[in-house]
file coords-v1.cif (mmCIF, C-alpha atoms)
data_run
#
loop_
_atom_site.label_atom_id
_atom_site.label_comp_id
_atom_site.auth_asym_id
_atom_site.auth_seq_id
_atom_site.Cartn_x
_atom_site.Cartn_y
_atom_site.Cartn_z
CA MET A 18 0.00 0.00 0.00
CA ILE A 19 1.35 3.40 -0.96
CA GLN A 20 1.25 6.00 1.78
CA ALA A 21 0.16 9.48 0.74
CA MET A 22 2.97 12.01 0.80
CA SER A 23 2.93 14.16 3.87
CA CYS A 24 4.62 17.46 4.56
CA VAL A 25 7.94 18.40 6.14
CA PHE A 26 9.63 21.60 7.28
CA GLU A 27 10.68 22.55 3.73
CA ASP A 28 7.02 22.73 2.66
CA PHE A 29 6.43 25.75 4.93
CA PRO A 30 8.62 28.69 3.90
CA ALA A 31 8.09 32.11 5.47
CA GLY A 32 5.08 33.75 3.86
CA ALA A 33 3.23 30.49 3.17
CA ARG A 34 -0.49 30.53 3.99
CA LEU A 35 -2.92 27.66 4.50
CA ILE A 36 -6.61 27.48 5.32
CA SER A 37 -7.90 24.49 7.24
CA SER A 38 -11.09 22.58 6.68
CA THR A 39 -14.16 23.53 8.72
CA HIS A 40 -15.42 22.03 11.97
CA ARG A 41 -18.87 22.61 13.46
CA VAL A 42 -18.95 23.13 17.23
CA THR A 43 -22.21 21.75 18.61
CA ALA A 44 -23.92 22.60 21.90
CA ASP A 45 -23.34 19.00 23.02
CA ALA A 46 -19.62 19.25 22.29
CA ILE A 47 -19.40 22.57 24.17
CA MET A 48 -21.10 21.10 27.25
CA GLU A 49 -19.14 17.83 27.12
CA PHE A 50 -15.79 19.62 27.00
CA ALA A 51 -16.89 21.98 29.77
CA ARG A 52 -18.00 19.20 32.11
CA GLU A 53 -14.53 17.67 31.90
CA PHE A 54 -12.25 20.70 31.65
CA ASP A 55 -14.00 24.04 32.27
CA PRO A 56 -17.16 23.64 34.39
CA GLN A 57 -18.47 27.22 34.38
CA ILE A 58 -22.10 28.13 33.91
CA PHE A 59 -21.70 29.88 30.56
CA HIS A 60 -20.18 26.67 29.13
CA LEU A 61 -22.39 24.11 30.90
CA ASP A 62 -26.06 24.90 30.46
CA PRO A 63 -27.87 26.98 27.80
CA LYS A 64 -30.54 28.22 30.19
CA SER A 65 -28.27 29.32 33.04
CA ALA A 66 -25.88 30.82 30.49
CA GLN A 67 -28.57 33.32 29.49
CA GLN A 68 -28.11 35.03 32.87
CA THR A 69 -24.38 35.60 32.33
CA LEU A 70 -22.36 38.26 30.54
CA PHE A 71 -22.36 36.06 27.43
CA GLY A 72 -26.17 35.92 27.29
CA GLY A 73 -26.06 32.28 26.15
CA LEU A 74 -23.98 29.14 25.85
CA THR A 75 -20.38 29.66 24.69
CA ALA A 76 -17.47 27.31 24.17
CA SER A 77 -14.55 27.33 26.60
CA GLY A 78 -11.57 29.16 25.12
CA TRP A 79 -9.57 25.99 25.72
CA HIS A 80 -12.16 24.04 23.70
CA THR A 81 -11.72 26.50 20.85
CA ALA A 82 -7.96 26.05 21.20
CA ALA A 83 -8.29 22.26 21.05
CA VAL A 84 -10.59 22.32 17.99
CA SER A 85 -8.21 24.78 16.34
CA MET A 86 -5.28 22.44 17.01
CA ARG A 87 -7.13 19.62 15.29
CA LEU A 88 -7.82 21.80 12.25
CA PHE A 89 -4.16 22.95 12.24
CA VAL A 90 -2.76 19.41 12.49
CA ASP A 91 -4.99 18.19 9.67
CA ALA A 92 -4.13 21.17 7.45
CA MET A 93 -0.37 20.91 8.01
CA ASP A 94 -0.33 17.13 7.41
CA VAL A 95 3.11 16.54 8.94
CA ALA A 96 3.43 12.79 9.48
CA GLY A 97 6.59 13.22 11.54
CA GLY A 98 4.70 15.42 13.97
CA ILE A 99 4.65 19.07 14.97
CA ILE A 100 6.01 19.81 18.43
CA GLY A 101 4.62 22.98 19.99
CA MET A 102 7.26 25.03 21.77
CA GLY A 103 5.35 28.05 22.96
CA VAL A 104 2.33 30.26 22.35
CA ASP A 105 1.96 34.02 22.72
CA GLU A 106 -0.82 36.55 22.44
CA LEU A 107 -3.55 33.90 22.72
CA LYS A 108 -6.85 35.78 22.58
CA TRP A 109 -10.54 34.95 22.26
CA PRO A 110 -12.07 38.19 20.91
CA ASN A 111 -15.51 36.76 20.07
CA ALA A 112 -17.54 34.01 21.70
CA VAL A 113 -17.94 30.60 20.01
CA ARG A 114 -21.66 29.81 19.95
CA PRO A 115 -23.39 26.45 19.34
CA GLY A 116 -23.41 25.69 15.62
CA ALA A 117 -20.34 27.80 14.84
CA ASP A 118 -18.36 26.54 11.85
CA LEU A 119 -14.72 27.14 12.66
CA ARG A 120 -11.72 27.22 10.36
CA VAL A 121 -8.09 28.16 10.98
CA GLU A 122 -6.10 30.53 8.80
CA ILE A 123 -2.40 29.76 9.11
CA GLU A 124 0.45 32.08 8.16
CA ILE A 125 4.09 31.03 8.36
CA LEU A 126 5.97 34.07 9.71
CA GLU A 127 9.48 32.60 9.93
CA ALA A 128 11.16 29.30 9.13
CA ARG A 129 14.68 28.33 10.24
CA ARG A 130 16.75 25.23 10.90
CA SER A 131 17.05 24.12 14.50
CA LYS A 132 20.54 24.67 15.87
CA SER A 133 20.20 22.15 18.66
CA ARG A 134 18.28 19.42 16.76
CA PRO A 135 19.84 18.50 13.41
CA GLY A 136 17.19 17.36 10.95
CA TYR A 137 14.53 19.61 12.45
CA GLY A 138 13.28 23.05 11.54
CA ILE A 139 11.43 25.64 13.59
CA ILE A 140 8.53 27.67 12.28
CA ARG A 141 6.93 30.76 13.75
CA VAL A 142 3.26 30.76 12.84
CA ARG A 143 0.20 32.95 13.27
CA ASN A 144 -3.04 30.98 13.68
CA VAL A 145 -6.36 32.78 13.42
CA THR A 146 -9.61 30.88 14.00
CA LYS A 147 -12.72 32.34 12.38
CA ASN A 148 -16.38 31.42 12.37
CA GLN A 149 -18.83 31.25 9.47
CA ARG A 150 -19.33 35.02 9.63
CA ASP A 151 -15.56 35.63 9.37
CA GLU A 152 -15.44 36.85 12.98
CA VAL A 153 -12.14 36.09 14.73
CA VAL A 154 -12.85 33.80 17.69
CA GLN A 155 -9.21 33.03 18.53
CA SER A 156 -5.77 34.17 17.50
CA PHE A 157 -2.22 33.43 18.62
CA MET A 158 1.39 33.25 17.56
CA ALA A 159 3.33 30.02 18.13
CA SER A 160 6.69 28.41 17.60
CA ALA A 161 6.83 24.76 16.63
CA MET A 162 9.45 22.21 15.58
CA LEU A 163 8.97 19.76 12.74
CA PRO A 164 11.17 17.31 10.83
CA MET A 165 13.12 18.28 7.72
CA ARG A 166 12.92 16.05 4.65
CA SER A 167 16.34 14.55 5.39
CA SER A 168 15.14 13.09 8.68
CA VAL A 169 12.01 11.39 7.34
CA PRO A 170 12.44 7.70 6.42
CA MET B 11 -30.25 23.70 51.32
CA ILE B 12 -27.44 26.14 52.06
CA GLN B 13 -25.04 26.74 49.22
CA ALA B 14 -21.39 26.84 50.12
CA MET B 15 -19.86 30.31 49.84
CA SER B 16 -17.92 30.79 46.67
CA CYS B 17 -15.30 33.36 45.80
CA VAL B 18 -15.46 36.75 44.08
CA PHE B 19 -12.91 39.27 42.79
CA GLU B 20 -12.23 40.69 46.25
CA ASP B 21 -10.93 37.30 47.42
CA PHE B 22 -7.94 37.52 45.07
CA PRO B 23 -5.75 40.53 45.90
CA ALA B 24 -2.38 40.98 44.22
CA GLY B 25 0.11 38.66 45.85
CA ALA B 26 -2.41 35.95 46.71
CA ARG B 27 -1.29 32.38 46.01
CA LEU B 28 -3.31 29.20 45.67
CA ILE B 29 -2.41 25.60 44.98
CA SER B 30 -4.95 23.40 43.20
CA SER B 31 -5.80 19.81 43.92
CA THR B 32 -4.04 17.08 41.94
CA HIS B 33 -5.20 15.31 38.79
CA ARG B 34 -3.65 12.12 37.37
CA VAL B 35 -3.23 12.06 33.59
CA THR B 36 -3.62 8.47 32.38
CA ALA B 37 -2.40 6.95 29.11
CA ASP B 38 -6.04 6.40 28.11
CA ALA B 39 -6.90 10.06 28.72
CA ILE B 40 -3.84 11.18 26.70
CA MET B 41 -4.83 9.02 23.73
CA GLU B 42 -8.54 9.92 23.93
CA PHE B 43 -7.81 13.66 23.88
CA ALA B 44 -5.30 13.19 21.05
CA ARG B 45 -7.71 11.21 18.85
CA GLU B 46 -10.18 14.08 19.03
CA PHE B 47 -7.97 17.16 19.10
CA ASP B 48 -4.27 16.45 18.41
CA PRO B 49 -3.79 13.25 16.40
CA GLN B 50 0.01 13.05 16.29
CA ILE B 51 1.99 9.87 16.84
CA PHE B 52 3.65 10.89 20.11
CA HIS B 53 0.16 11.45 21.61
CA LEU B 54 -1.68 8.52 20.02
CA ASP B 55 0.19 5.28 20.52
CA PRO B 56 2.77 4.26 23.15
CA LYS B 57 4.69 1.99 20.79
CA SER B 58 4.97 4.37 17.82
CA ALA B 59 5.77 7.19 20.24
CA GLN B 60 9.00 5.40 21.22
CA GLN B 61 10.41 6.22 17.78
CA THR B 62 9.84 9.97 18.20
CA LEU B 63 11.85 12.78 19.83
CA PHE B 64 9.83 12.22 23.00
CA GLY B 65 10.82 8.55 23.26
CA GLY B 66 7.35 7.62 24.52
CA LEU B 67 3.74 8.68 24.90
CA THR B 68 3.21 12.32 25.94
CA ALA B 69 0.11 14.43 26.46
CA SER B 70 -0.80 17.13 23.95
CA GLY B 71 0.10 20.56 25.27
CA TRP B 72 -3.55 21.51 24.74
CA HIS B 73 -4.57 18.56 26.90
CA THR B 74 -2.27 19.80 29.64
CA ALA B 75 -3.84 23.25 29.20
CA ALA B 76 -7.36 21.82 29.50
CA VAL B 77 -6.52 19.76 32.61
CA SER B 78 -4.83 22.82 34.12
CA MET B 79 -7.95 24.91 33.44
CA ARG B 80 -10.05 22.37 35.33
CA LEU B 81 -7.68 22.48 38.30
CA PHE B 82 -7.66 26.32 38.16
CA VAL B 83 -11.48 26.60 38.01
CA ASP B 84 -11.89 24.21 40.93
CA ALA B 85 -9.24 25.99 43.01
CA MET B 86 -10.62 29.49 42.36
CA ASP B 87 -14.23 28.44 43.12
CA VAL B 88 -15.86 31.49 41.51
CA ALA B 89 -19.54 30.63 41.10
CA GLY B 90 -20.13 33.71 38.94
CA GLY B 91 -17.54 32.47 36.47
CA ILE B 92 -14.07 33.46 35.34
CA ILE B 93 -13.88 34.85 31.81
CA GLY B 94 -10.48 34.40 30.19
CA MET B 95 -9.35 37.47 28.24
CA GLY B 96 -5.93 36.48 26.99
CA VAL B 97 -2.90 34.28 27.60
CA ASP B 98 0.79 35.01 27.08
CA GLU B 99 4.03 33.12 27.36
CA LEU B 100 2.29 29.72 27.25
CA LYS B 101 5.09 27.13 27.42
CA TRP B 102 5.40 23.39 27.88
CA PRO B 103 8.98 22.94 29.14
CA ASN B 104 8.66 19.27 30.14
CA ALA B 105 6.60 16.43 28.68
CA VAL B 106 3.52 15.12 30.51
CA ARG B 107 3.87 11.34 30.70
CA PRO B 108 1.19 8.73 31.48
CA GLY B 109 0.58 8.62 35.22
CA ALA B 110 1.69 12.21 35.83
CA ASP B 111 0.00 13.83 38.83
CA LEU B 112 -0.54 17.45 37.89
CA ARG B 113 -1.29 20.43 40.09
CA VAL B 114 -1.48 24.15 39.33
CA GLU B 115 0.24 26.84 41.37
CA ILE B 116 -1.61 30.14 40.98
CA GLU B 117 -0.22 33.58 41.75
CA ILE B 118 -2.30 36.74 41.48
CA LEU B 119 0.00 39.38 39.98
CA GLU B 120 -2.45 42.28 39.71
CA ALA B 121 -6.08 42.94 40.60
CA ARG B 122 -8.07 45.97 39.45
CA ARG B 123 -11.69 46.98 38.83
CA SER B 124 -12.94 46.83 35.26
CA LYS B 125 -13.48 50.27 33.77
CA SER B 126 -15.89 49.08 31.09
CA ARG B 127 -17.84 46.53 33.16
CA PRO B 128 -19.09 47.85 36.49
CA GLY B 129 -19.33 45.08 39.06
CA TYR B 130 -16.43 43.15 37.56
CA GLY B 131 -12.75 43.00 38.36
CA ILE B 132 -9.77 41.94 36.27
CA ILE B 133 -6.94 39.83 37.56
CA ARG B 134 -3.55 39.15 36.04
CA VAL B 135 -2.44 35.68 37.04
CA ARG B 136 0.55 33.39 36.62
CA ASN B 137 -0.37 29.70 36.39
CA VAL B 138 2.33 27.07 36.68
CA THR B 139 1.47 23.40 36.26
CA LYS B 140 3.84 20.93 37.90
CA ASN B 141 4.05 17.15 38.04
CA GLN B 142 4.68 14.88 41.03
CA ARG B 143 8.44 15.52 40.74
CA ASP B 144 7.91 19.29 40.86
CA GLU B 145 8.93 19.65 37.23
CA VAL B 146 7.18 22.49 35.40
CA VAL B 147 5.12 21.02 32.55
CA GLN B 148 3.28 24.23 31.65
CA SER B 149 3.37 27.90 32.52
CA PHE B 150 1.57 31.02 31.34
CA MET B 151 0.35 34.48 32.29
CA ALA B 152 -3.31 35.33 31.79
CA SER B 153 -5.85 38.08 32.28
CA ALA B 154 -9.33 37.18 33.40
CA MET B 155 -12.51 38.96 34.47
CA LEU B 156 -14.64 37.89 37.42
CA PRO B 157 -17.58 39.33 39.37
CA MET B 158 -17.14 41.59 42.37
CA ARG B 159 -19.12 40.85 45.54
CA SER B 160 -21.59 43.66 44.76
CA SER B 161 -22.72 41.96 41.55
CA VAL B 162 -23.37 38.51 43.04
CA PRO B 163 -27.00 37.87 44.09
#

call {"tool": "encode", "arguments": {"input": "coords-v1.cif", "output": "structure tokens"}}
result
Amino acid sequence: MIQAMSCVFEDFPAGARLISSTHRVTADAIMEFAREFDPQIFHLDPKSAQQTLFGGLTASGWHTAAVSMRLFVDAMDVAGGIIGMGVDELKWPNAVRPGADLRVEIEILEARRSKSRPGYGIIRVRNVTKNQRDEVVQSFMASAMLPMRSSVP
Amino acid sequence: MIQAMSCVFEDFPAGARLISSTHRVTADAIMEFAREFDPQIFHLDPKSAQQTLFGGLTASGWHTAAVSMRLFVDAMDVAGGIIGMGVDELKWPNAVRPGADLRVEIEILEARRSKSRPGYGIIRVRNVTKNQRDEVVQSFMASAMLPMRSSVP
């Protein structure tokens, strides 16, 4: 069986842009994530959430981050793996509501070889998650390490 | 039935420190989170993970973030809810391995009233997640908004 080609460091030069596929965030998914990881009333129950600042059910920011990671991983398609090194300026400027269709817009800001890990490169990336109305629901900058072509079997 | 008192903005002056309870991260939980949100080999399968830079199964950084949020929410005990505004300097300096017992050390760096939202205060907080060997597995700074006593029924 032939394995589909997957991407490596060299496929992501500075200036490259990608757009992920879309993922719908349901009310059930919002409440399920919240019960496990962020049990606050605006994430747990549509009725109680109406009485809060949000005026209705919203996804945990960490749920949005997790969904965005899935979209990012699928879009990048790096079989060797992408190792997150750090994240800055993580913001959630608009609430994620039930039924939101999220996508991630990815921009490679910098790309350089790792000095300490031969065969690996480091990218600096800006990830912006938008909903179906093009409202930004999350943004951040991150550094991540991924294998160069020479280190992939 | 008498509801236990819960905390408000005024309970978290600058300089306050809290330590959360402990949560064990199992191999099953690592793989379950990864299948949904971060499907990369070092998070998905103990055997394949041995061939990676990590040399074994590790939790997704976003899984560590989600577990840390749960520990933070439980430790803060703010019934009115804590609304995350932004996160900086999010880092994962050591891998989270199966069986790790995580706790979060919370330090309130600043506390001020919101200018735009009467009845709410804003805290600047440093959250450091450590394992059972006191190794830092995650750290970040965040700003969050929470209700003042006057706005709680």

call {"tool": "resolve_selection", "arguments": {"input": "coords-v1.cif", "expression": "the PyMOL selection byres ((chain A and resi 130) around 12)", "output": "PyMOL selection string"}}
result
chain A and resi 26-27+29-30+127-129+131-141+161-166

call {"tool": "resolve_selection", "arguments": {"input": "coords-v1.cif", "expression": "the PyMOL selection byres ((chain A) within 8 of (chain B))", "output": "PyMOL selection string"}}
result
chain A and resi 53-59+78-80+82-84+86-87+90+96-99+101-110

call {"tool": "residues_around", "arguments": {"input": "coords-v1.cif", "residues": "A:Glu124", "least_positions_apart": "3", "cutoff": "6 Å", "atoms": "all atoms listed in the file", "output": "JSON, numbers by chain"}}
result
{"A": [33, 34, 142, 143]}

call {"tool": "residues_around", "arguments": {"input": "coords-v1.cif", "residues": "A:Gly116", "least_positions_apart": "2", "cutoff": "8 Å", "atoms": "only C-alpha atoms", "output": "PDB file with C-alpha atoms, in the coordinates of the input"}}
result
ATOM      1  CA  ARG A  41     -18.870  22.610  13.460  1.00  0.00           C
ATOM      2  CA  VAL A  42     -18.950  23.130  17.230  1.00  0.00           C
ATOM      3  CA  THR A  43     -22.210  21.750  18.610  1.00  0.00           C
ATOM      4  CA  ALA A  44     -23.920  22.600  21.900  1.00  0.00           C
ATOM      5  CA  ARG A 114     -21.660  29.810  19.950  1.00  0.00           C
ATOM      6  CA  ASP A 118     -18.360  26.540  11.850  1.00  0.00           C
TER       7      ASP A 118
END

call {"tool": "resolve_selection", "arguments": {"input": "coords-v1.cif", "expression": "the PyMOL selection byres ((chain A and resi 148) around 8)", "output": "VMD selection string"}}
result
chain A and resid 113 117 to 120 146 to 147 149 to 154

call {"tool": "atom_distance", "arguments": {"input": "coords-v1.cif", "atom1": "atom CA of B:Leu28", "atom2": "atom CA of B:Ser153"}}
result
16.3 Å

call {"tool": "atom_distance", "arguments": {"input": "coords-v1.cif", "atom1": "atom CA of A:Asn144", "atom2": "atom CA of A:Ile47"}}
result
21.2 Å

call {"tool": "closest_residue", "arguments": {"input": "coords-v1.cif", "among": "B:Ser160, B:Val138, B:Thr74, B:Ala105", "to": "B:Ala39", "atoms": "only C-alpha atoms"}}
result
B:Thr74

call {"tool": "residues_near_point", "arguments": {"input": "coords-v1.cif", "point": "(-2.9, 19.6, 46.8)", "cutoff": "9 Å", "atoms": "all atoms listed in the file", "output": "ChimeraX atom specification"}}
result
/B:29-32,113-114

call {"tool": "atom_distance", "arguments": {"input": "coords-v1.cif", "atom1": "atom CA of A:Leu126", "atom2": "atom CA of B:Thr68"}}
result
27.3 Å

call {"tool": "axis_aligned_box", "arguments": {"input": "coords-v1.cif", "around": "stretch 103-118 of chain B", "padding_each_side": "3 Å", "output": "lines of an AutoDock Vina configuration file"}}
result
center_x = 3.3
center_y = 22.7
center_z = 35.2
size_x = 17.3
size_y = 34.1
size_z = 19.1

call {"tool": "closest_residue", "arguments": {"input": "coords-v1.cif", "among": "A:His40, A:Val25, A:Gln68, A:Ala76", "to": "B:Val162", "atoms": "all atoms listed in the file"}}
result
A:Gln68

call {"tool": "closest_residue", "arguments": {"input": "coords-v1.cif", "among": "B:Gln60, B:Leu54, B:Ile116, B:Met15", "to": "B:Met41", "atoms": "all atoms listed in the file"}}
result
B:Leu54

call {"tool": "build_atoms", "arguments": {"input": "coords-v1.cif", "residues": "stretch 151-162 of chain B", "atoms": "all heavy atoms", "output": "JSON list (two decimals), keeping the file's coordinate frame"}}
result
[["chain", "number", "residue", "atom", "x", "y", "z"],
["B", 151, "MET", "N", 0.93, 33.31, 31.64],
["B", 151, "MET", "CA", 0.35, 34.48, 32.29],
["B", 151, "MET", "C", -0.99, 34.70, 31.61],
["B", 151, "MET", "O", -1.10, 34.55, 30.39],
["B", 151, "MET", "CB", 1.21, 35.70, 32.06],
["B", 151, "MET", "CG", 2.69, 35.46, 32.20],
["B", 151, "MET", "SD", 3.22, 35.92, 33.82],
["B", 151, "MET", "CE", 3.42, 37.67, 33.52],
["B", 152, "ALA", "N", -2.00, 35.11, 32.39],
["B", 152, "ALA", "CA", -3.31, 35.33, 31.79],
["B", 152, "ALA", "C", -4.00, 36.50, 32.46],
["B", 152, "ALA", "O", -3.70, 36.85, 33.60],
["B", 152, "ALA", "CB", -4.18, 34.08, 31.93],
["B", 153, "SER", "N", -4.93, 37.10, 31.71],
["B", 153, "SER", "CA", -5.85, 38.08, 32.28],
["B", 153, "SER", "C", -7.24, 37.49, 32.25],
["B", 153, "SER", "O", -7.62, 36.82, 31.28],
["B", 153, "SER", "CB", -5.83, 39.37, 31.46],
["B", 153, "SER", "OG", -4.55, 39.95, 31.52],
["B", 154, "ALA", "N", -7.99, 37.73, 33.31],
["B", 154, "ALA", "CA", -9.33, 37.18, 33.40],
["B", 154, "ALA", "C", -10.24, 38.13, 34.17],
["B", 154, "ALA", "O", -9.78, 38.89, 35.03],
["B", 154, "ALA", "CB", -9.31, 35.80, 34.07],
["B", 155, "MET", "N", -11.52, 38.09, 33.83],
["B", 155, "MET", "CA", -12.51, 38.96, 34.47],
["B", 155, "MET", "C", -13.42, 38.11, 35.36],
["B", 155, "MET", "O", -13.80, 37.00, 34.98],
["B", 155, "MET", "CB", -13.33, 39.63, 33.37],
["B", 155, "MET", "CG", -14.28, 40.69, 33.88],
["B", 155, "MET", "SD", -14.84, 41.77, 32.53],
["B", 155, "MET", "CE", -15.74, 40.62, 31.54],
["B", 156, "LEU", "N", -13.74, 38.63, 36.54],
["B", 156, "LEU", "CA", -14.64, 37.89, 37.42],
["B", 156, "LEU", "C", -15.49, 38.86, 38.23],
["B", 156, "LEU", "O", -15.12, 40.02, 38.40],
["B", 156, "LEU", "CB", -13.89, 36.90, 38.33],
["B", 156, "LEU", "CG", -12.89, 37.36, 39.35],
["B", 156, "LEU", "CD1", -12.44, 36.18, 40.22],
["B", 156, "LEU", "CD2", -11.65, 37.94, 38.69],
["B", 157, "PRO", "N", -16.66, 38.41, 38.70],
["B", 157, "PRO", "CA", -17.58, 39.33, 39.37],
["B", 157, "PRO", "C", -17.07, 39.81, 40.72],
["B", 157, "PRO", "O", -16.40, 39.08, 41.45],
["B", 157, "PRO", "CB", -18.86, 38.50, 39.54],
["B", 157, "PRO", "CG", -18.47, 37.09, 39.30],
["B", 157, "PRO", "CD", -17.23, 37.08, 38.49],
["B", 158, "MET", "N", -17.40, 41.07, 41.04],
["B", 158, "MET", "CA", -17.14, 41.59, 42.37],
["B", 158, "MET", "C", -18.32, 41.19, 43.28],
["B", 158, "MET", "O", -19.39, 40.80, 42.81],
["B", 158, "MET", "CB", -17.00, 43.11, 42.30],
["B", 158, "MET", "CG", -15.87, 43.52, 41.37],
["B", 158, "MET", "SD", -15.64, 45.32, 41.26],
["B", 158, "MET", "CE", -14.96, 45.65, 42.88],
["B", 159, "ARG", "N", -18.10, 41.30, 44.58],
["B", 159, "ARG", "CA", -19.12, 40.85, 45.54],
["B", 159, "ARG", "C", -20.45, 41.57, 45.30],
["B", 159, "ARG", "O", -21.53, 40.97, 45.39],
["B", 159, "ARG", "CB", -18.64, 41.09, 46.98],
["B", 159, "ARG", "CG", -19.48, 40.36, 48.02],
["B", 159, "ARG", "CD", -18.85, 40.37, 49.40],
["B", 159, "ARG", "NE", -17.46, 39.94, 49.45],
["B", 159, "ARG", "CZ", -17.06, 38.66, 49.37],
["B", 159, "ARG", "NH1", -17.94, 37.69, 49.27],
["B", 159, "ARG", "NH2", -15.78, 38.36, 49.42],
["B", 160, "SER", "N", -20.37, 42.85, 44.93],
["B", 160, "SER", "CA", -21.59, 43.66, 44.76],
["B", 160, "SER", "C", -22.48, 43.15, 43.63],
["B", 160, "SER", "O", -23.68, 43.43, 43.62],
["B", 160, "SER", "CB", -21.19, 45.10, 44.46],
["B", 160, "SER", "OG", -20.38, 45.13, 43.29],
["B", 161, "SER", "N", -21.92, 42.38, 42.69],
["B", 161, "SER", "CA", -22.72, 41.96, 41.55],
["B", 161, "SER", "C", -23.20, 40.52, 41.68],
["B", 161, "SER", "O", -23.78, 39.97, 40.75],
["B", 161, "SER", "CB", -21.94, 42.14, 40.25],
["B", 161, "SER", "OG", -20.85, 41.27, 40.23],
["B", 162, "VAL", "N", -22.92, 39.88, 42.84],
["B", 162, "VAL", "CA", -23.37, 38.51, 43.04],
["B", 162, "VAL", "C", -24.66, 38.53, 43.86],
["B", 162, "VAL", "O", -24.73, 39.22, 44.87],
["B", 162, "VAL", "CB", -22.28, 37.69, 43.78],
["B", 162, "VAL", "CG1", -22.78, 36.32, 44.13],
["B", 162, "VAL", "CG2", -21.03, 37.62, 42.92]]
